[in-house]
Amino acid sequence: MKAIADTGFLVAFANARDLHHNWALSVAEQMTEPLLTCEAVLAEADFHLGSIGLVLEMIFEGLLTLSFDCNDHLPQLAALAKRYKDRRPDLADLCLIRMSELYPRHSVITVDAEDFAVYRRHKREVIPLICPPGRK
């Protein structure tokens with residue numbers, strides 16, 4: 001399965017006390033290649049987990065790979081920020097929307113189904129999601 005990892009998934013995966021921990025472990029077991037992500041997601045995960053070492057370990061262990069550079073996509077990120085300003089998206093969400101455009105065969109793994117149900121890639125395409133049961 002090819003996928004893009006959002007912050008909530010990483011936090012749930014790493015934190016045994018998280019409500020979605022078992023779901024995240026189950027999803028991770030199904031992965032056959034590293035999950036794509038961006039530095040903004042890593043920064044958010046570090047903030048929520050309080051451990052940059054744990055976040056970096058996910059890369060070293062092969063769960064994640066960085067595959068996005070904001071510098072290469074600034075005009076698209078600015079357009080997405082303008083389009084979704086009423087939802088007040090953070091940088092990580094904008095990067096994930098753009099990554100979904102760049103990697104159309106990848107689903108976004110997130111616990112934030114509410115926002116990602118509204119976000120669209122290429123202005124009108126639904127972003128395929130992998131969410132905890134009851135969150136779609």
# chains A, B, ... in the order shown; residues from 1 in each chain; ligands from 1
call {"tool": "residues_around", "arguments": {"residues": "Ile97 in chain A", "least_positions_apart": "5", "cutoff": "8 Å", "atoms": "only C-alpha atoms", "output": "list of chain:residue names"}}
result
A:Tyr119, A:Arg120, A:Arg121, A:Ile127
call {"tool": "write_last_selection", "arguments": {"atoms": "all heavy atoms", "output": "short mmCIF file (atom, residue, chain, number, x, y, z; two decimals), in the first residue's frame"}}
result
data_model
loop_
_atom_site.label_atom_id
_atom_site.label_comp_id
_atom_site.auth_asym_id
_atom_site.auth_seq_id
_atom_site.Cartn_x
_atom_site.Cartn_y
_atom_site.Cartn_z
N TYR A 119 -10.90 19.20 1.83
CA TYR A 119 -9.79 19.52 0.94
C TYR A 119 -9.89 18.72 -0.35
O TYR A 119 -10.34 17.58 -0.37
CB TYR A 119 -8.45 19.19 1.60
CG TYR A 119 -8.13 19.95 2.85
CD1 TYR A 119 -7.36 19.38 3.85
CD2 TYR A 119 -8.58 21.26 3.04
CE1 TYR A 119 -7.04 20.07 5.00
CE2 TYR A 119 -8.27 21.95 4.20
CZ TYR A 119 -7.50 21.35 5.16
OH TYR A 119 -7.19 22.04 6.30
N ARG A 120 -9.46 19.35 -1.45
CA ARG A 120 -9.47 18.70 -2.75
C ARG A 120 -8.11 18.87 -3.41
O ARG A 120 -7.46 19.91 -3.27
CB ARG A 120 -10.54 19.31 -3.68
CG ARG A 120 -11.97 19.12 -3.20
CD ARG A 120 -12.36 17.67 -3.32
NE ARG A 120 -13.74 17.43 -2.96
CZ ARG A 120 -14.15 16.94 -1.79
NH1 ARG A 120 -13.27 16.66 -0.85
NH2 ARG A 120 -15.42 16.71 -1.56
N ARG A 121 -7.70 17.87 -4.14
CA ARG A 121 -6.48 18.02 -4.94
C ARG A 121 -6.91 18.44 -6.33
O ARG A 121 -7.99 18.07 -6.80
CB ARG A 121 -5.65 16.75 -4.93
CG ARG A 121 -6.33 15.53 -5.52
CD ARG A 121 -5.42 14.34 -5.35
NE ARG A 121 -6.04 13.16 -5.92
CZ ARG A 121 -5.63 11.94 -5.68
NH1 ARG A 121 -4.61 11.72 -4.88
NH2 ARG A 121 -6.23 10.92 -6.24
N ILE A 127 -9.52 13.57 -2.11
CA ILE A 127 -8.25 12.97 -1.69
C ILE A 127 -8.56 11.63 -1.04
O ILE A 127 -9.33 11.58 -0.07
CB ILE A 127 -7.50 13.90 -0.71
CG1 ILE A 127 -7.15 15.22 -1.40
CG2 ILE A 127 -6.26 13.20 -0.15
CD1 ILE A 127 -6.60 16.28 -0.47
#
call {"tool": "select_by_dssp", "arguments": {"residues": "range 18-136 of chain A", "states": "helix (DSSP H, G or I)", "output": "PyMOL selection string"}}
result
chain A and resi 21-30+39-49+52-60+70-83+85-87+91-102+113-116
call {"tool": "write_last_selection", "arguments": {"atoms": "C-alpha atoms", "output": "compact mmCIF listing (two decimals), in the first residue's frame"}}
result
# COMPACT_ATOMS: atom_id res chain seq x y z
CA HIS A 21 -2.82 3.60 18.65
CA ASN A 22 -4.03 0.09 17.77
CA TRP A 23 -5.48 1.33 14.49
CA ALA A 24 -2.18 3.03 13.62
CA LEU A 25 -0.19 -0.12 14.40
CA SER A 26 -2.55 -2.13 12.18
CA VAL A 27 -2.14 0.33 9.31
CA ALA A 28 1.65 0.37 9.68
CA GLU A 29 1.75 -3.43 9.48
CA GLN A 30 0.09 -3.25 6.05
CA GLU A 39 9.06 18.26 7.38
CA ALA A 40 5.99 20.18 8.59
CA VAL A 41 4.38 16.89 9.66
CA LEU A 42 7.60 15.86 11.42
CA ALA A 43 7.69 19.18 13.31
CA GLU A 44 4.08 18.76 14.44
CA ALA A 45 4.70 15.15 15.49
CA ASP A 46 7.76 16.25 17.49
CA PHE A 47 5.65 18.91 19.22
CA HIS A 48 2.87 16.45 20.14
CA LEU A 49 5.14 13.59 21.14
CA ILE A 52 12.43 14.54 18.16
CA GLY A 53 14.44 11.35 18.69
CA LEU A 54 11.30 9.26 18.39
CA VAL A 55 10.27 11.10 15.22
CA LEU A 56 13.70 10.68 13.63
CA GLU A 57 13.69 7.00 14.57
CA MET A 58 10.60 6.54 12.37
CA ILE A 59 12.75 7.68 9.43
CA PHE A 60 15.79 5.64 10.43
CA CYS A 70 8.24 23.55 0.26
CA ASN A 71 10.62 25.69 -1.80
CA ASP A 72 9.69 23.72 -4.90
CA HIS A 73 5.95 24.30 -4.41
CA LEU A 74 5.52 27.78 -2.91
CA PRO A 75 3.06 29.08 -5.54
CA GLN A 76 0.84 26.00 -5.16
CA LEU A 77 0.98 26.16 -1.36
CA ALA A 78 0.02 29.85 -1.45
CA ALA A 79 -2.92 29.08 -3.75
CA LEU A 80 -4.08 26.30 -1.43
CA ALA A 81 -3.76 28.59 1.61
CA LYS A 82 -5.94 31.17 -0.14
CA ARG A 83 -8.50 28.59 -1.28
CA LYS A 85 -8.37 30.21 4.34
CA ASP A 86 -11.79 29.80 5.99
CA ARG A 87 -10.61 26.43 7.41
CA LEU A 91 1.42 24.20 6.68
CA ALA A 92 1.38 20.43 7.16
CA ASP A 93 -2.14 20.16 5.72
CA LEU A 94 -1.22 22.30 2.73
CA CYS A 95 1.86 20.19 2.08
CA LEU A 96 -0.18 16.98 2.28
CA ILE A 97 -2.77 18.30 -0.16
CA ARG A 98 0.03 19.16 -2.58
CA MET A 99 1.72 15.81 -2.01
CA SER A 100 -1.57 14.11 -2.86
CA GLU A 101 -1.48 15.95 -6.18
CA LEU A 102 2.09 14.84 -6.81
CA ALA A 113 -11.05 13.19 8.35
CA GLU A 114 -13.15 16.33 8.88
CA ASP A 115 -10.73 18.70 7.17
CA PHE A 116 -9.45 16.22 4.62
call {"tool": "select_by_dssp", "arguments": {"residues": "chain A", "states": "strand (DSSP E)", "output": "MDAnalysis selection string"}}
result
chainID A and resid 3:5 35:37 64:66 107:109 120:121 125:126 129:130
call {"tool": "write_last_selection", "arguments": {"atoms": "C-alpha atoms", "output": "short mmCIF file (atom, residue, chain, number, x, y, z; two decimals), in the first residue's frame"}}
result
data_model
loop_
_atom_site.label_atom_id
_atom_site.label_comp_id
_atom_site.auth_asym_id
_atom_site.auth_seq_id
_atom_site.Cartn_x
_atom_site.Cartn_y
_atom_site.Cartn_z
CA ALA A 3 0.44 6.29 1.44
CA ILE A 4 1.27 9.74 2.77
CA ALA A 5 1.47 10.13 6.57
CA LEU A 35 5.25 6.29 4.01
CA LEU A 36 5.83 9.65 2.38
CA THR A 37 5.71 12.75 4.53
CA LEU A 64 8.85 7.24 6.77
CA THR A 65 10.69 9.01 4.01
CA LEU A 66 10.78 12.74 3.37
CA SER A 107 -3.82 7.75 0.11
CA VAL A 108 -3.39 10.16 3.03
CA ILE A 109 -3.33 8.42 6.41
CA ARG A 120 -9.47 18.70 -2.75
CA ARG A 121 -6.48 18.02 -4.94
CA GLU A 125 -10.65 15.69 -6.83
CA VAL A 126 -11.41 13.93 -3.57
CA LEU A 129 -8.01 8.76 2.86
CA ILE A 130 -7.17 6.05 5.32
#
call {"tool": "closest_residue", "arguments": {"among": "A:Arg17, A:Arg105, A:Lys2, A:Arg124", "to": "Leu63 in chain A", "atoms": "only C-alpha atoms"}}
result
A:Lys2
call {"tool": "atom_distance", "arguments": {"atom1": "CA of Val118 in chain A", "atom2": "CA of Pro89 in chain A"}}
result
11.2 Å
call {"tool": "closest_residue", "arguments": {"among": "A:Gly134, A:Lys123, A:Arg88, A:Val111", "to": "Thr7 in chain A", "atoms": "only C-alpha atoms"}}
result
A:Val111
call {"tool": "atom_distance", "arguments": {"atom1": "CA of Asp6 in chain A", "atom2": "CA of Pro132 in chain A"}}
result
12.7 Å
call {"tool": "decode", "arguments": {"residues": "range 3-38 of chain A", "atoms": "N, CA, C and O atoms", "output": "PDB file, in the first residue's frame"}}
result
ATOM      1  N   ALA A   3       1.182   5.306   0.661  1.00  0.00           N
ATOM      2  CA  ALA A   3       0.439   6.292   1.437  1.00  0.00           C
ATOM      3  C   ALA A   3       1.330   7.454   1.859  1.00  0.00           C
ATOM      4  O   ALA A   3       2.558   7.370   1.811  1.00  0.00           O
ATOM      5  N   ILE A   4       0.658   8.510   2.273  1.00  0.00           N
ATOM      6  CA  ILE A   4       1.269   9.736   2.771  1.00  0.00           C
ATOM      7  C   ILE A   4       0.828   9.874   4.229  1.00  0.00           C
ATOM      8  O   ILE A   4      -0.366   9.783   4.526  1.00  0.00           O
ATOM      9  N   ALA A   5       1.778  10.092   5.132  1.00  0.00           N
ATOM     10  CA  ALA A   5       1.471  10.128   6.566  1.00  0.00           C
ATOM     11  C   ALA A   5       1.226  11.545   7.068  1.00  0.00           C
ATOM     12  O   ALA A   5       2.033  12.443   6.844  1.00  0.00           O
ATOM     13  N   ASP A   6       0.122  11.712   7.783  1.00  0.00           N
ATOM     14  CA  ASP A   6      -0.204  12.953   8.472  1.00  0.00           C
ATOM     15  C   ASP A   6       0.240  12.841   9.933  1.00  0.00           C
ATOM     16  O   ASP A   6       0.521  11.750  10.441  1.00  0.00           O
ATOM     17  N   THR A   7       0.251  13.955  10.629  1.00  0.00           N
ATOM     18  CA  THR A   7       0.718  14.029  12.006  1.00  0.00           C
ATOM     19  C   THR A   7      -0.043  13.107  12.941  1.00  0.00           C
ATOM     20  O   THR A   7       0.563  12.386  13.738  1.00  0.00           O
ATOM     21  N   GLY A   8      -1.364  13.124  12.889  1.00  0.00           N
ATOM     22  CA  GLY A   8      -2.166  12.329  13.816  1.00  0.00           C
ATOM     23  C   GLY A   8      -1.853  10.850  13.740  1.00  0.00           C
ATOM     24  O   GLY A   8      -1.838  10.155  14.762  1.00  0.00           O
ATOM     25  N   PHE A   9      -1.587  10.372  12.540  1.00  0.00           N
ATOM     26  CA  PHE A   9      -1.216   8.968  12.388  1.00  0.00           C
ATOM     27  C   PHE A   9       0.105   8.699  13.105  1.00  0.00           C
ATOM     28  O   PHE A   9       0.243   7.702  13.828  1.00  0.00           O
ATOM     29  N   LEU A  10       1.097   9.559  12.907  1.00  0.00           N
ATOM     30  CA  LEU A  10       2.403   9.359  13.532  1.00  0.00           C
ATOM     31  C   LEU A  10       2.315   9.408  15.051  1.00  0.00           C
ATOM     32  O   LEU A  10       2.922   8.593  15.748  1.00  0.00           O
ATOM     33  N   VAL A  11       1.540  10.335  15.566  1.00  0.00           N
ATOM     34  CA  VAL A  11       1.357  10.445  17.009  1.00  0.00           C
ATOM     35  C   VAL A  11       0.666   9.192  17.546  1.00  0.00           C
ATOM     36  O   VAL A  11       1.086   8.623  18.560  1.00  0.00           O
ATOM     37  N   ALA A  12      -0.373   8.746  16.864  1.00  0.00           N
ATOM     38  CA  ALA A  12      -1.081   7.536  17.301  1.00  0.00           C
ATOM     39  C   ALA A  12      -0.173   6.317  17.241  1.00  0.00           C
ATOM     40  O   ALA A  12      -0.191   5.469  18.132  1.00  0.00           O
ATOM     41  N   PHE A  13       0.640   6.233  16.219  1.00  0.00           N
ATOM     42  CA  PHE A  13       1.559   5.108  16.069  1.00  0.00           C
ATOM     43  C   PHE A  13       2.564   5.058  17.220  1.00  0.00           C
ATOM     44  O   PHE A  13       2.836   4.002  17.777  1.00  0.00           O
ATOM     45  N   ALA A  14       3.099   6.211  17.585  1.00  0.00           N
ATOM     46  CA  ALA A  14       4.183   6.271  18.566  1.00  0.00           C
ATOM     47  C   ALA A  14       3.717   6.321  20.015  1.00  0.00           C
ATOM     48  O   ALA A  14       4.486   6.017  20.922  1.00  0.00           O
ATOM     49  N   ASN A  15       2.474   6.679  20.251  1.00  0.00           N
ATOM     50  CA  ASN A  15       1.976   6.876  21.612  1.00  0.00           C
ATOM     51  C   ASN A  15       0.971   5.786  21.977  1.00  0.00           C
ATOM     52  O   ASN A  15      -0.175   5.815  21.528  1.00  0.00           O
ATOM     53  N   ALA A  16       1.376   4.861  22.819  1.00  0.00           N
ATOM     54  CA  ALA A  16       0.519   3.738  23.207  1.00  0.00           C
ATOM     55  C   ALA A  16      -0.745   4.195  23.931  1.00  0.00           C
ATOM     56  O   ALA A  16      -1.727   3.451  23.977  1.00  0.00           O
ATOM     57  N   ARG A  17      -0.747   5.398  24.466  1.00  0.00           N
ATOM     58  CA  ARG A  17      -1.941   5.902  25.167  1.00  0.00           C
ATOM     59  C   ARG A  17      -2.924   6.615  24.235  1.00  0.00           C
ATOM     60  O   ARG A  17      -4.013   7.004  24.652  1.00  0.00           O
ATOM     61  N   ASP A  18      -2.540   6.796  22.974  1.00  0.00           N
ATOM     62  CA  ASP A  18      -3.406   7.475  22.015  1.00  0.00           C
ATOM     63  C   ASP A  18      -4.621   6.618  21.697  1.00  0.00           C
ATOM     64  O   ASP A  18      -4.520   5.394  21.559  1.00  0.00           O
ATOM     65  N   LEU A  19      -5.764   7.250  21.547  1.00  0.00           N
ATOM     66  CA  LEU A  19      -7.024   6.577  21.234  1.00  0.00           C
ATOM     67  C   LEU A  19      -6.927   5.717  19.980  1.00  0.00           C
ATOM     68  O   LEU A  19      -7.548   4.666  19.876  1.00  0.00           O
ATOM     69  N   HIS A  20      -6.119   6.132  19.023  1.00  0.00           N
ATOM     70  CA  HIS A  20      -6.027   5.442  17.739  1.00  0.00           C
ATOM     71  C   HIS A  20      -4.744   4.608  17.590  1.00  0.00           C
ATOM     72  O   HIS A  20      -4.392   4.222  16.480  1.00  0.00           O
ATOM     73  N   HIS A  21      -4.091   4.318  18.699  1.00  0.00           N
ATOM     74  CA  HIS A  21      -2.817   3.599  18.652  1.00  0.00           C
ATOM     75  C   HIS A  21      -2.938   2.236  17.967  1.00  0.00           C
ATOM     76  O   HIS A  21      -2.157   1.919  17.066  1.00  0.00           O
ATOM     77  N   ASN A  22      -3.896   1.423  18.366  1.00  0.00           N
ATOM     78  CA  ASN A  22      -4.032   0.086  17.766  1.00  0.00           C
ATOM     79  C   ASN A  22      -4.348   0.169  16.275  1.00  0.00           C
ATOM     80  O   ASN A  22      -3.833  -0.619  15.476  1.00  0.00           O
ATOM     81  N   TRP A  23      -5.174   1.123  15.914  1.00  0.00           N
ATOM     82  CA  TRP A  23      -5.480   1.330  14.495  1.00  0.00           C
ATOM     83  C   TRP A  23      -4.206   1.679  13.733  1.00  0.00           C
ATOM     84  O   TRP A  23      -3.930   1.139  12.664  1.00  0.00           O
ATOM     85  N   ALA A  24      -3.406   2.605  14.286  1.00  0.00           N
ATOM     86  CA  ALA A  24      -2.180   3.033  13.618  1.00  0.00           C
ATOM     87  C   ALA A  24      -1.194   1.873  13.470  1.00  0.00           C
ATOM     88  O   ALA A  24      -0.557   1.727  12.430  1.00  0.00           O
ATOM     89  N   LEU A  25      -1.064   1.046  14.498  1.00  0.00           N
ATOM     90  CA  LEU A  25      -0.193  -0.123  14.398  1.00  0.00           C
ATOM     91  C   LEU A  25      -0.662  -1.058  13.288  1.00  0.00           C
ATOM     92  O   LEU A  25       0.139  -1.581  12.513  1.00  0.00           O
ATOM     93  N   SER A  26      -1.974  -1.255  13.210  1.00  0.00           N
ATOM     94  CA  SER A  26      -2.547  -2.125  12.181  1.00  0.00           C
ATOM     95  C   SER A  26      -2.259  -1.588  10.785  1.00  0.00           C
ATOM     96  O   SER A  26      -1.901  -2.342   9.873  1.00  0.00           O
ATOM     97  N   VAL A  27      -2.415  -0.289  10.606  1.00  0.00           N
ATOM     98  CA  VAL A  27      -2.139   0.330   9.309  1.00  0.00           C
ATOM     99  C   VAL A  27      -0.657   0.189   8.969  1.00  0.00           C
ATOM    100  O   VAL A  27      -0.297  -0.175   7.849  1.00  0.00           O
ATOM    101  N   ALA A  28       0.211   0.452   9.920  1.00  0.00           N
ATOM    102  CA  ALA A  28       1.652   0.375   9.684  1.00  0.00           C
ATOM    103  C   ALA A  28       2.068  -1.035   9.273  1.00  0.00           C
ATOM    104  O   ALA A  28       2.955  -1.198   8.430  1.00  0.00           O
ATOM    105  N   GLU A  29       1.433  -2.040   9.831  1.00  0.00           N
ATOM    106  CA  GLU A  29       1.753  -3.430   9.483  1.00  0.00           C
ATOM    107  C   GLU A  29       1.426  -3.744   8.024  1.00  0.00           C
ATOM    108  O   GLU A  29       2.013  -4.646   7.438  1.00  0.00           O
ATOM    109  N   GLN A  30       0.499  -3.012   7.437  1.00  0.00           N
ATOM    110  CA  GLN A  30       0.092  -3.246   6.050  1.00  0.00           C
ATOM    111  C   GLN A  30       1.004  -2.552   5.040  1.00  0.00           C
ATOM    112  O   GLN A  30       0.907  -2.820   3.843  1.00  0.00           O
ATOM    113  N   MET A  31       1.887  -1.682   5.503  1.00  0.00           N
ATOM    114  CA  MET A  31       2.746  -0.919   4.609  1.00  0.00           C
ATOM    115  C   MET A  31       3.849  -1.807   4.044  1.00  0.00           C
ATOM    116  O   MET A  31       4.480  -2.553   4.774  1.00  0.00           O
ATOM    117  N   THR A  32       4.048  -1.700   2.746  1.00  0.00           N
ATOM    118  CA  THR A  32       5.086  -2.479   2.082  1.00  0.00           C
ATOM    119  C   THR A  32       6.265  -1.604   1.658  1.00  0.00           C
ATOM    120  O   THR A  32       7.268  -2.113   1.177  1.00  0.00           O
ATOM    121  N   GLU A  33       6.130  -0.299   1.828  1.00  0.00           N
ATOM    122  CA  GLU A  33       7.205   0.638   1.530  1.00  0.00           C
ATOM    123  C   GLU A  33       7.058   1.823   2.471  1.00  0.00           C
ATOM    124  O   GLU A  33       6.000   2.017   3.077  1.00  0.00           O
ATOM    125  N   PRO A  34       8.115   2.627   2.632  1.00  0.00           N
ATOM    126  CA  PRO A  34       8.020   3.763   3.552  1.00  0.00           C
ATOM    127  C   PRO A  34       6.887   4.711   3.180  1.00  0.00           C
ATOM    128  O   PRO A  34       6.584   4.915   2.002  1.00  0.00           O
ATOM    129  N   LEU A  35       6.288   5.281   4.204  1.00  0.00           N
ATOM    130  CA  LEU A  35       5.249   6.289   4.006  1.00  0.00           C
ATOM    131  C   LEU A  35       5.916   7.606   3.647  1.00  0.00           C
ATOM    132  O   LEU A  35       6.964   7.959   4.199  1.00  0.00           O
ATOM    133  N   LEU A  36       5.328   8.338   2.744  1.00  0.00           N
ATOM    134  CA  LEU A  36       5.830   9.652   2.377  1.00  0.00           C
ATOM    135  C   LEU A  36       5.331  10.669   3.394  1.00  0.00           C
ATOM    136  O   LEU A  36       4.218  10.558   3.899  1.00  0.00           O
ATOM    137  N   THR A  37       6.145  11.659   3.672  1.00  0.00           N
ATOM    138  CA  THR A  37       5.710  12.746   4.532  1.00  0.00           C
ATOM    139  C   THR A  37       6.569  13.978   4.259  1.00  0.00           C
ATOM    140  O   THR A  37       7.396  13.969   3.351  1.00  0.00           O
ATOM    141  N   CYS A  38       6.330  15.023   5.041  1.00  0.00           N
ATOM    142  CA  CYS A  38       7.037  16.286   4.858  1.00  0.00           C
ATOM    143  C   CYS A  38       7.569  16.765   6.204  1.00  0.00           C
ATOM    144  O   CYS A  38       7.157  16.278   7.257  1.00  0.00           O
TER     145      CYS A  38
END
